[in-house]
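For reference, entry20.pdb (PDB, C-alpha atoms):
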```
ATOM      1  CA  ARG A1071     149.114-108.095 281.968
ATOM      2  CA  PHE A1072     148.676-104.392 281.293
ATOM      3  CA  GLN A1073     145.093-104.463 282.589
ATOM      4  CA  LYS A1074     146.247-106.282 285.724
ATOM      5  CA  THR A1075     148.876-103.614 286.390
ATOM      6  CA  LEU A1076     146.260-100.873 286.020
ATOM      7  CA  LEU A1077     143.951-102.666 288.435
ATOM      8  CA  GLU A1078     146.691-103.018 291.067
ATOM      9  CA  HIS A1079     147.593 -99.385 290.674
ATOM     10  CA  SER A1080     144.024 -98.265 291.169
ATOM     11  CA  MET A1081     143.633-100.359 294.298
ATOM     12  CA  LYS A1082     146.553 -98.662 295.990
ATOM     13  CA  LYS A1083     145.672 -95.952 298.430
ATOM     14  CA  GLN A1084     146.380 -92.586 296.892
ATOM     15  CA  PRO A1085     147.602 -89.764 299.139
ATOM     16  CA  SER A1086     144.910 -87.258 299.867
ATOM     17  CA  TRP A1087     145.243 -83.581 299.182
ATOM     18  CA  HIS A1088     145.569 -82.582 302.829
ATOM     19  CA  SER A1089     148.312 -85.164 303.430
ATOM     20  CA  LYS A1090     150.463 -83.321 300.916
ATOM     21  CA  PHE A1091     149.593 -79.908 302.313
ATOM     22  CA  PRO A1092     149.003 -80.380 306.059
ATOM     23  CA  GLN A1093     149.360 -76.700 306.754
ATOM     24  CA  HIS A1094     145.928 -76.115 305.228
ATOM     25  CA  PRO A1095     143.125 -76.974 307.620
ATOM     26  CA  ILE A1096     140.342 -79.117 306.298
ATOM     27  CA  LEU A1097     136.787 -78.211 307.014
ATOM     28  CA  LYS A1098     134.704 -81.062 308.090
ATOM     29  CA  LEU A1099     131.130 -81.409 306.890
ATOM     30  CA  LYS A1100     129.791 -80.866 310.390
ATOM     31  CA  ASP A1101     131.627 -77.525 310.583
ATOM     32  CA  VAL A1102     129.899 -76.166 307.477
ATOM     33  CA  LYS A1103     126.740 -74.338 308.402
ATOM     34  CA  PRO A1104     123.947 -74.075 305.839
ATOM     35  CA  PRO A1105     123.028 -70.514 304.801
ATOM     36  CA  LEU A1106     120.018 -68.910 306.317
ATOM     37  CA  LEU A1107     116.889 -68.627 304.235
ATOM     38  CA  SER A1108     116.989 -64.867 304.618
ATOM     39  CA  ASP A1109     120.435 -64.782 302.988
ATOM     40  CA  CYS A1110     119.236 -66.622 299.895
ATOM     41  CA  ARG A1111     118.045 -64.733 296.836
ATOM     42  CA  PRO A1112     115.604 -66.102 294.299
ATOM     43  CA  THR A1113     118.274 -65.942 291.604
ATOM     44  CA  SER A1114     120.537 -68.255 293.580
ATOM     45  CA  ILE A1115     118.000 -71.044 293.684
ATOM     46  CA  ILE A1116     118.953 -73.682 291.113
ATOM     47  CA  ASN A1117     116.368 -75.949 289.620
ATOM     48  CA  THR A1118     118.094 -79.301 289.850
ATOM     49  CA  SER A1119     115.223 -81.010 288.048
ATOM     50  CA  THR A1120     116.241 -79.426 284.697
ATOM     51  CA  PRO A1121     118.478 -81.850 282.781
ATOM     52  CA  LEU A1122     121.852 -80.631 281.624
ATOM     53  CA  PRO A1123     122.332 -80.126 277.879
ATOM     54  CA  THR A1124     123.812 -83.031 276.036
ATOM     55  CA  ILE A1125     126.867 -82.950 273.794
ATOM     56  CA  THR A1126     124.632 -83.105 270.718
ATOM     57  CA  THR A1127     122.707 -80.041 271.865
ATOM     58  CA  LEU A1128     125.894 -78.077 272.502
ATOM     59  CA  LEU A1129     127.322 -78.985 269.105
ATOM     60  CA  SER A1130     124.068 -77.943 267.437
ATOM     61  CA  LEU A1131     124.175 -74.558 269.160
ATOM     62  CA  ILE A1132     127.785 -74.035 268.093
ATOM     63  CA  LEU A1133     126.947 -74.849 264.480
ATOM     64  CA  LEU A1134     123.983 -72.474 264.530
ATOM     65  CA  THR A1135     126.169 -69.619 265.726
ATOM     66  CA  MET A1136     128.601 -70.298 262.897
ATOM     67  CA  LEU A1137     125.923 -70.151 260.192
ATOM     68  CA  PRO A1138     125.153 -66.759 258.550
ATOM     69  CA  LEU A1139     121.995 -65.047 259.581
ATOM     70  CA  ALA A1140     119.055 -65.926 257.356
ATOM     71  CA  THR A1141     117.869 -62.999 255.241
ATOM     72  CA  PRO A1142     114.257 -62.598 254.098
ATOM     73  CA  THR A1143     113.336 -63.168 250.490
ATOM     74  CA  THR A1144     114.280 -60.195 248.311
ATOM     75  CA  ALA A1145     111.242 -58.132 247.432
ATOM     76  CA  PRO A1146     110.550 -57.345 243.770
ATOM     77  CA  ASN A1147     111.886 -54.114 242.328
ATOM     78  CA  THR A1148     109.547 -51.178 242.730
ATOM     79  CA  HIS A1149     111.567 -48.475 240.975
ATOM     80  CA  THR A1150     108.998 -47.867 238.241
ATOM     81  CA  ARG A1151     105.842 -47.967 240.294
ATOM     82  CA  ARG A1152     106.290 -44.262 240.835
ATOM     83  CA  PRO A1153     108.086 -42.861 237.778
ATOM     84  CA  ILE A1154     110.126 -39.737 238.414
ATOM     85  CA  THR A1155     111.862 -38.591 235.205
ATOM     86  CA  THR A1156     109.170 -38.782 232.548
ATOM     87  CA  GLY A1157     108.457 -37.702 229.012
ATOM     88  CA  THR A1158     105.024 -36.870 227.686
ATOM     89  CA  SER A1159     103.191 -37.469 224.406
ATOM     90  CA  VAL A1160     104.443 -39.209 221.273
ATOM     91  CA  LEU A1161     102.428 -38.848 218.047
ATOM     92  CA  GLY A1162     102.460 -41.114 215.019
ATOM     93  CA  ILE A1163     100.783 -40.947 211.613
ATOM     94  CA  THR A1164     100.914 -42.863 208.347
ATOM     95  CA  TYR A1165     100.941 -40.966 205.048
ATOM     96  CA  LYS A1166     101.138 -41.754 201.357
ATOM     97  CA  ASN A1167     104.780 -42.780 201.199
ATOM     98  CA  GLY A1168     105.717 -43.641 204.774
ATOM     99  CA  VAL A1169     105.234 -43.303 208.515
ATOM    100  CA  MET A1170     106.087 -40.275 210.664
ATOM    101  CA  LEU A1171     106.545 -39.783 214.423
ATOM    102  CA  ALA A1172     106.826 -36.633 216.538
ATOM    103  CA  ALA A1173     107.836 -36.030 220.151
ATOM    104  CA  ASP A1174     109.235 -33.190 222.219
ATOM    105  CA  THR A1175     112.575 -33.315 224.036
ATOM    106  CA  LEU A1176     111.468 -32.508 227.570
ATOM    107  CA  CYS A1177     111.870 -34.840 230.537
ATOM    108  CA  SER A1178     110.183 -33.626 233.692
ATOM    109  CA  TYR A1179     111.624 -34.427 237.109
ATOM    110  CA  GLY A1180     108.325 -34.705 238.923
ATOM    111  CA  THR A1181     106.709 -31.360 238.135
ATOM    112  CA  MET A1182     109.957 -29.579 237.208
ATOM    113  CA  ALA A1183     111.005 -29.213 233.566
ATOM    114  CA  LYS A1184     114.532 -30.479 234.172
ATOM    115  CA  TYR A1185     116.002 -32.060 231.013
ATOM    116  CA  LYS A1186     115.247 -30.203 227.787
ATOM    117  CA  ASP A1187     117.302 -32.301 225.371
ATOM    118  CA  ALA A1188     116.051 -35.818 226.097
ATOM    119  CA  ARG A1189     115.559 -37.441 222.699
ATOM    120  CA  ARG A1190     112.762 -39.979 222.719
ATOM    121  CA  LEU A1191     112.768 -41.110 219.077
ATOM    122  CA  ARG A1192     115.286 -43.844 218.246
ATOM    123  CA  VAL A1193     116.185 -45.774 215.097
ATOM    124  CA  VAL A1194     116.160 -49.510 215.830
ATOM    125  CA  ASN A1195     117.096 -50.728 212.355
ATOM    126  CA  SER A1196     116.897 -49.458 208.795
ATOM    127  CA  GLN A1197     113.120 -49.954 208.638
ATOM    128  CA  THR A1198     111.952 -49.374 212.233
ATOM    129  CA  ILE A1199     111.744 -46.383 214.570
ATOM    130  CA  VAL A1200     110.640 -46.505 218.211
ATOM    131  CA  GLY A1201     109.316 -43.563 220.218
ATOM    132  CA  GLY A1202     108.519 -43.662 223.911
ATOM    133  CA  GLY A1203     106.813 -41.661 226.610
ATOM    134  CA  GLY A1204     106.888 -42.257 230.345
ATOM    135  CA  GLU A1205     109.892 -43.114 232.509
ATOM    136  CA  TYR A1206     112.984 -42.176 230.520
ATOM    137  CA  SER A1207     115.315 -44.697 232.181
ATOM    138  CA  ASP A1208     112.933 -47.518 231.268
ATOM    139  CA  PHE A1209     112.879 -46.265 227.681
ATOM    140  CA  GLN A1210     116.673 -46.388 227.614
ATOM    141  CA  ALA A1211     116.550 -49.960 228.946
ATOM    142  CA  ILE A1212     114.124 -50.942 226.167
ATOM    143  CA  ILE A1213     116.393 -49.471 223.478
ATOM    144  CA  ASP A1214     119.378 -51.347 224.934
ATOM    145  CA  LEU A1215     117.313 -54.541 224.910
ATOM    146  CA  LEU A1216     116.443 -54.069 221.236
ATOM    147  CA  LYS A1217     120.078 -53.397 220.365
ATOM    148  CA  ARG A1218     121.199 -56.564 222.153
ATOM    149  CA  ASP A1219     118.524 -58.558 220.364
ATOM    150  CA  ALA A1220     119.608 -57.160 216.984
ATOM    151  CA  LEU A1221     123.267 -57.911 217.725
ATOM    152  CA  GLU A1222     122.428 -61.473 218.747
ATOM    153  CA  SER A1223     120.462 -62.012 215.552
ATOM    154  CA  LYS A1224     123.383 -60.625 213.560
ATOM    155  CA  CYS A1225     125.935 -62.872 215.276
ATOM    156  CA  LEU A1226     123.781 -65.993 214.857
ATOM    157  CA  GLY A1227     122.827 -65.241 211.254
ATOM    158  CA  ASP A1228     123.469 -67.696 208.423
ATOM    159  CA  SER A1229     125.396 -65.186 206.327
ATOM    160  CA  LEU A1230     128.611 -63.300 206.911
ATOM    161  CA  TYR A1231     127.498 -60.332 204.816
ATOM    162  CA  GLU A1232     125.305 -57.626 206.309
ATOM    163  CA  GLU A1233     123.441 -56.977 203.065
ATOM    164  CA  GLU A1234     122.231 -60.585 203.055
ATOM    165  CA  MET A1235     120.972 -60.550 206.642
ATOM    166  CA  GLU A1236     117.287 -60.007 207.298
ATOM    167  CA  GLU A1237     116.331 -57.414 209.897
ATOM    168  CA  ASP A1238     113.298 -57.605 212.125
ATOM    169  CA  SER A1239     110.335 -55.837 210.598
ATOM    170  CA  ALA A1240     108.354 -53.205 212.459
ATOM    171  CA  ARG A1241     105.591 -55.708 213.196
ATOM    172  CA  GLU A1242     108.089 -58.180 214.660
ATOM    173  CA  VAL A1243     109.611 -55.491 216.884
ATOM    174  CA  TRP A1244     106.098 -54.460 217.958
ATOM    175  CA  SER A1245     105.147 -58.067 218.780
ATOM    176  CA  TYR A1246     108.397 -58.587 220.700
ATOM    177  CA  LEU A1247     107.868 -55.447 222.788
ATOM    178  CA  ARG A1248     104.296 -56.492 223.514
ATOM    179  CA  ALA A1249     105.614 -59.740 225.033
ATOM    180  CA  VAL A1250     108.321 -57.894 226.989
ATOM    181  CA  MET A1251     105.908 -55.355 228.473
ATOM    182  CA  TYR A1252     103.333 -57.992 229.375
ATOM    183  CA  ASN A1253     106.014 -60.172 230.978
ATOM    184  CA  ARG A1254     107.272 -57.321 233.159
ATOM    185  CA  ARG A1255     103.725 -56.425 234.099
ATOM    186  CA  ASN A1256     103.128 -60.005 235.323
ATOM    187  CA  LYS A1257     106.231 -59.682 237.514
ATOM    188  CA  MET A1258     104.691 -56.601 239.149
ATOM    189  CA  ASP A1259     107.723 -54.607 237.951
ATOM    190  CA  PRO A1260     106.492 -52.924 234.763
ATOM    191  CA  LEU A1261     108.455 -50.832 232.342
ATOM    192  CA  TRP A1262     106.600 -47.540 232.721
ATOM    193  CA  ASN A1263     106.353 -46.554 229.064
ATOM    194  CA  ASP A1264     103.917 -46.065 226.214
ATOM    195  CA  LEU A1265     105.721 -47.000 223.008
ATOM    196  CA  LEU A1266     105.110 -46.233 219.334
ATOM    197  CA  ILE A1267     106.660 -48.493 216.703
ATOM    198  CA  ALA A1268     106.774 -47.229 213.123
ATOM    199  CA  GLY A1269     108.152 -48.883 210.026
ATOM    200  CA  TYR A1270     107.390 -51.105 207.085
ATOM    201  CA  VAL A1271     106.183 -54.698 206.810
ATOM    202  CA  LYS A1272     105.450 -57.036 203.910
ATOM    203  CA  ASN A1273     101.841 -57.910 203.215
ATOM    204  CA  ASP A1274     100.532 -61.173 201.774
ATOM    205  CA  GLU A1275     101.397 -60.052 198.239
ATOM    206  CA  GLY A1276     104.992 -59.285 199.241
ATOM    207  CA  ASP A1277     104.615 -55.523 199.018
ATOM    208  CA  ASN A1278     105.991 -53.147 201.624
ATOM    209  CA  VAL A1279     103.201 -51.393 203.521
ATOM    210  CA  PRO A1280     103.507 -48.824 206.345
ATOM    211  CA  PHE A1281     102.966 -50.023 209.894
ATOM    212  CA  LEU A1282     102.228 -48.022 213.040
ATOM    213  CA  GLY A1283     101.601 -49.772 216.361
ATOM    214  CA  THR A1284     101.638 -49.006 220.059
ATOM    215  CA  VAL A1285     102.307 -50.935 223.276
ATOM    216  CA  ASP A1286     101.598 -49.626 226.762
ATOM    217  CA  LYS A1287     103.106 -50.557 230.124
ATOM    218  CA  ILE A1288     100.766 -53.507 230.746
ATOM    219  CA  GLY A1289     101.181 -55.045 227.314
ATOM    220  CA  THR A1290      98.081 -53.711 225.577
ATOM    221  CA  ALA A1291      98.908 -53.432 221.877
ATOM    222  CA  TYR A1292      97.134 -52.352 218.720
ATOM    223  CA  ALA A1293      97.928 -50.851 215.308
ATOM    224  CA  ASP A1294      96.252 -47.918 213.544
ATOM    225  CA  ASN A1295      96.805 -45.192 210.971
ATOM    226  CA  PHE A1296      97.365 -42.505 213.630
ATOM    227  CA  ILE A1297      98.172 -42.912 217.324
ATOM    228  CA  ALA A1298      98.946 -40.568 220.204
ATOM    229  CA  THR A1299     100.171 -41.452 223.678
ATOM    230  CA  GLY A1300      99.970 -39.572 226.952
ATOM    231  CA  PHE A1301      98.076 -36.300 226.960
ATOM    232  CA  GLY A1302      98.031 -36.429 223.177
ATOM    233  CA  GLY A1303      95.370 -39.110 223.391
ATOM    234  CA  TYR A1304      92.977 -36.393 224.595
ATOM    235  CA  LEU A1305      94.131 -33.325 222.660
ATOM    236  CA  ALA A1306      95.802 -34.546 219.480
ATOM    237  CA  ILE A1307      93.567 -37.478 218.486
ATOM    238  CA  PRO A1308      90.545 -35.219 217.650
ATOM    239  CA  LEU A1309      92.729 -33.145 215.317
ATOM    240  CA  LEU A1310      94.200 -36.250 213.683
ATOM    241  CA  ARG A1311      90.758 -37.759 213.156
ATOM    242  CA  GLU A1312      89.559 -34.609 211.484
ATOM    243  CA  LYS A1313      92.489 -33.976 209.136
ATOM    244  CA  TRP A1314      94.028 -37.390 208.397
ATOM    245  CA  ARG A1315      93.479 -39.089 205.055
ATOM    246  CA  PRO A1316      95.329 -41.981 203.377
ATOM    247  CA  ASP A1317      96.826 -39.886 200.562
ATOM    248  CA  LEU A1318      98.563 -37.302 202.746
ATOM    249  CA  GLU A1319     101.812 -36.008 201.321
ATOM    250  CA  GLU A1320     104.914 -35.825 203.504
ATOM    251  CA  GLY A1321     104.654 -32.037 203.924
ATOM    252  CA  GLU A1322     100.995 -32.259 204.928
ATOM    253  CA  ALA A1323     101.718 -35.005 207.470
ATOM    254  CA  ARG A1324     104.566 -32.980 208.968
ATOM    255  CA  ALA A1325     102.416 -29.834 209.211
ATOM    256  CA  LEU A1326      99.632 -31.801 210.888
ATOM    257  CA  LEU A1327     102.003 -33.246 213.499
ATOM    258  CA  GLU A1328     103.504 -29.817 214.179
ATOM    259  CA  ASP A1329     100.019 -28.374 214.733
ATOM    260  CA  CYS A1330      99.254 -31.146 217.220
ATOM    261  CA  MET A1331     102.556 -30.612 219.056
ATOM    262  CA  ARG A1332     101.819 -26.873 219.208
ATOM    263  CA  VAL A1333      98.431 -27.510 220.828
ATOM    264  CA  LEU A1334     100.076 -29.876 223.320
ATOM    265  CA  PHE A1335     102.620 -27.198 224.198
ATOM    266  CA  TYR A1336      99.783 -24.781 224.899
ATOM    267  CA  ARG A1337      97.713 -27.167 227.001
ATOM    268  CA  ASP A1338     100.073 -29.774 228.508
ATOM    269  CA  CYS A1339     102.227 -28.583 231.408
ATOM    270  CA  ARG A1340     104.790 -31.322 230.679
ATOM    271  CA  ALA A1341     105.260 -30.431 226.989
ATOM    272  CA  LEU A1342     107.878 -28.294 225.267
ATOM    273  CA  ASN A1343     108.048 -26.384 221.993
ATOM    274  CA  LYS A1344     111.329 -28.095 221.090
ATOM    275  CA  ILE A1345     110.463 -31.234 219.127
ATOM    276  CA  GLN A1346     111.827 -33.956 216.856
ATOM    277  CA  ILE A1347     110.333 -35.483 213.713
ATOM    278  CA  ALA A1348     111.176 -39.017 212.521
ATOM    279  CA  LYS A1349     110.112 -40.823 209.363
ATOM    280  CA  VAL A1350     110.459 -44.152 207.587
ATOM    281  CA  GLU A1351     109.762 -44.525 203.886
ATOM    282  CA  ALA A1352     109.486 -47.605 201.706
ATOM    283  CA  GLY A1353     112.898 -48.720 200.506
ATOM    284  CA  GLY A1354     114.642 -46.088 202.604
ATOM    285  CA  THR A1355     116.144 -45.914 206.051
ATOM    286  CA  GLY A1356     114.716 -44.471 209.228
ATOM    287  CA  LEU A1357     115.625 -40.826 209.809
ATOM    288  CA  VAL A1358     115.325 -38.732 212.969
ATOM    289  CA  SER A1359     115.693 -34.961 212.750
ATOM    290  CA  ASP A1360     117.674 -32.816 215.115
ATOM    291  CA  PRO A1361     115.589 -30.978 217.725
ATOM    292  CA  PHE A1362     114.055 -27.717 216.547
ATOM    293  CA  GLU A1363     111.611 -25.196 217.972
ATOM    294  CA  ILE A1364     108.135 -24.768 216.552
ATOM    295  CA  GLU A1365     106.576 -21.334 216.260
ATOM    296  CA  THR A1366     104.167 -20.492 219.037
ATOM    297  CA  SER A1367     102.007 -17.504 219.846
ATOM    298  CA  TRP A1368     100.164 -16.528 223.014
ATOM    299  CA  ASP A1369      98.100 -13.814 221.327
ATOM    300  CA  ALA A1370      94.949 -15.912 221.128
ATOM    301  CA  PRO A1371      92.006 -14.306 222.966
ATOM    302  CA  SER A1372      91.420 -17.467 224.976
ATOM    303  CA  PHE A1373      94.880 -17.058 226.487
ATOM    304  CA  GLN A1374      94.476 -13.355 227.308
ATOM    305  CA  GLN A1375      90.932 -13.412 228.598
ATOM    306  CA  VAL A1376      90.581 -12.947 232.343
ATOM    307  CA  ARG A1377      89.433 -16.169 233.985
ATOM    308  CA  GLY A1378      87.846 -16.851 237.333
ATOM    309  CA  GLY A1379      87.081 -13.178 238.004
ATOM    310  CA  LEU A1380      90.770 -12.451 238.541
ATOM    311  CA  GLU A1381      91.674  -8.897 237.531
ATOM    312  CA  SER A1382      95.103  -9.849 236.269
ATOM    313  CA  ASP A1383      97.060  -9.885 233.045
ATOM    314  CA  GLY A1384      95.693 -13.090 231.566
ATOM    315  CA  GLY A1385      95.838 -15.731 234.271
ATOM    316  CA  TRP A1386      94.238 -19.019 233.278
TER
END
```
Hey, can you dump this file as structure tokens for me?
Amino acid sequence: RFQKTLLEHSMKKQPSWHSKFPQHPILKLKDVKPPLLSDCRPTSIINTSTPLPTITTLLSLILLTMLPLATPTTAPNTHTRRPITTGTSVLGITYKNGVMLAADTLCSYGTMAKYKDARRLRVVNSQTIVGGGGEYSDFQAIIDLLKRDALESKCLGDSLYEEEMEEDSAREVWSYLRAVMYNRRNKMDPLWNDLLIAGYVKNDEGDNVPFLGTVDKIGTAYADNFIATGFGGYLAIPLLREKWRPDLEEGEARALLEDCMRVLFYRDCRALNKIQIAKVEAGGTGLVSDPFEIETSWDAPSFQQVRGGLESDGGW
């Protein structure tokens, strides 16, 4: 019945628009003149052959405008591909009763000697000391990583008493850092450091023996009786090869390292005469000295001799 009523209603003649408003004249189709071709512009020509967009297309466009703009994949960090604040050489040597490290306290900002109290020898645990050259911020990140690792081992230990907990030996710390440096190198975001790890390890007989190892920024690692990083690999290693012997006393080892640091101060533009000495002895704890200045002298003839034909007061 309802459909029938709708059909009857639609068949009725509806009043046209001009019957309601007779005062408005109605233009007939014959009265409408087509525009001249000269009045038409190319932009007004409509291509009627192009189909109109469908509802699905319109909804898709609306959804696309609501979505956030796609961002490109984040590039890897490149902060350490060009290190800025850097430290120079670190020296290490084994002697009769322990292991000793030496480093200066200068951090250069590019070519400027900016920070003169940057300490680059750190105690990791009671039997291990780490020294680092290269980018100082990366060295700080490595020390924080070692501290977090030590805290995690302490929290997950089987005992509640610190004296019963086993600390990582120097060889274990060295092996761990080798994996860390090699991993970062494979990510093309290396930690720009050359590290020295000094401490004690147990041999096959269970005796504590001194250990000295190094790891560079691409994960190359080795252990030796004396090691130098940075410029010290060129200037200090010849002196260490000449004067090192297995039965060195602590005073002799310290004097040898101070001589090497003095030569580096003379010849390396990024070195300083303010240094630190660190040592680890069997059964003892790692110790790092406060910074102190070594005695230097510029009275050597090689420093005062005129070079390059320059008539000056000792220019190199």
Closest of A:Asn1263, A:Thr1175, A:Thr1124, A:Ser1159 to Ser1359 in chain A - atom-to-atom distances counting all atoms listed in the file: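 Closest to Ser1359 in chain A, using all atoms listed in the file: A:Thr1175.
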Hits of the PyMOL selection byres ((chain A and resi 1349) around 9) in this structure, as a list of chain:residue names: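 So the PyMOL selection byres ((chain A and resi 1349) around 9) ends up selecting A:Gly1168, A:Val1169, A:Met1170, A:Leu1171, A:Ala1172, A:Ile1199, A:Ala1268, A:Gly1269, A:Ile1347, A:Ala1348, A:Val1350, A:Glu1351, A:Thr1355, A:Gly1356, A:Leu1357, A:Val1358, A:Ser1359.
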Residue members of the PyMOL selection byres ((chain A and resi 1173) around 6) in the file shown, as a list of chain:residue names: A:Val1160, A:Ala1172, A:Asp1174, A:Ile1345, A:Gln1346
Would you tabulate, counting only C-alpha atoms, all residues of range 1199-1227 of chain A that have an atom at most 9 Å from an atom of range 1176-1188 of chain A, showing the closest pair of atoms and their distance in Å to one decimal, sorted by chain then ascending number, as JSON lines?
```
{"residue": "A:Gly1204", "atom": "CA", "partner": "A:Cys1177", "partner_atom": "CA", "distance": 8.9}
{"residue": "A:Glu1205", "atom": "CA", "partner": "A:Cys1177", "partner_atom": "CA", "distance": 8.7}
{"residue": "A:Tyr1206", "atom": "CA", "partner": "A:Cys1177", "partner_atom": "CA", "distance": 7.4}
```
Could you produce a table of the residues of range 1332-1356 of chain A lying within 12 Å of range 1367-1373 of chain A, with the nearest pair of atoms per residue and their separation in Å rounded to one decimal, using all atoms listed in the file, ordered by chain and increasing residue number, as JSON lines?
```
{"residue": "A:Arg1332", "atom": "CA", "partner": "A:Ser1367", "partner_atom": "CA", "distance": 9.4}
{"residue": "A:Val1333", "atom": "CA", "partner": "A:Ser1367", "partner_atom": "CA", "distance": 10.7}
{"residue": "A:Phe1335", "atom": "CA", "partner": "A:Ser1367", "partner_atom": "CA", "distance": 10.6}
{"residue": "A:Tyr1336", "atom": "CA", "partner": "A:Trp1368", "partner_atom": "CA", "distance": 8.5}
{"residue": "A:Arg1337", "atom": "CA", "partner": "A:Phe1373", "partner_atom": "CA", "distance": 10.5}
{"residue": "A:Asn1343", "atom": "CA", "partner": "A:Ser1367", "partner_atom": "CA", "distance": 11.0}
```
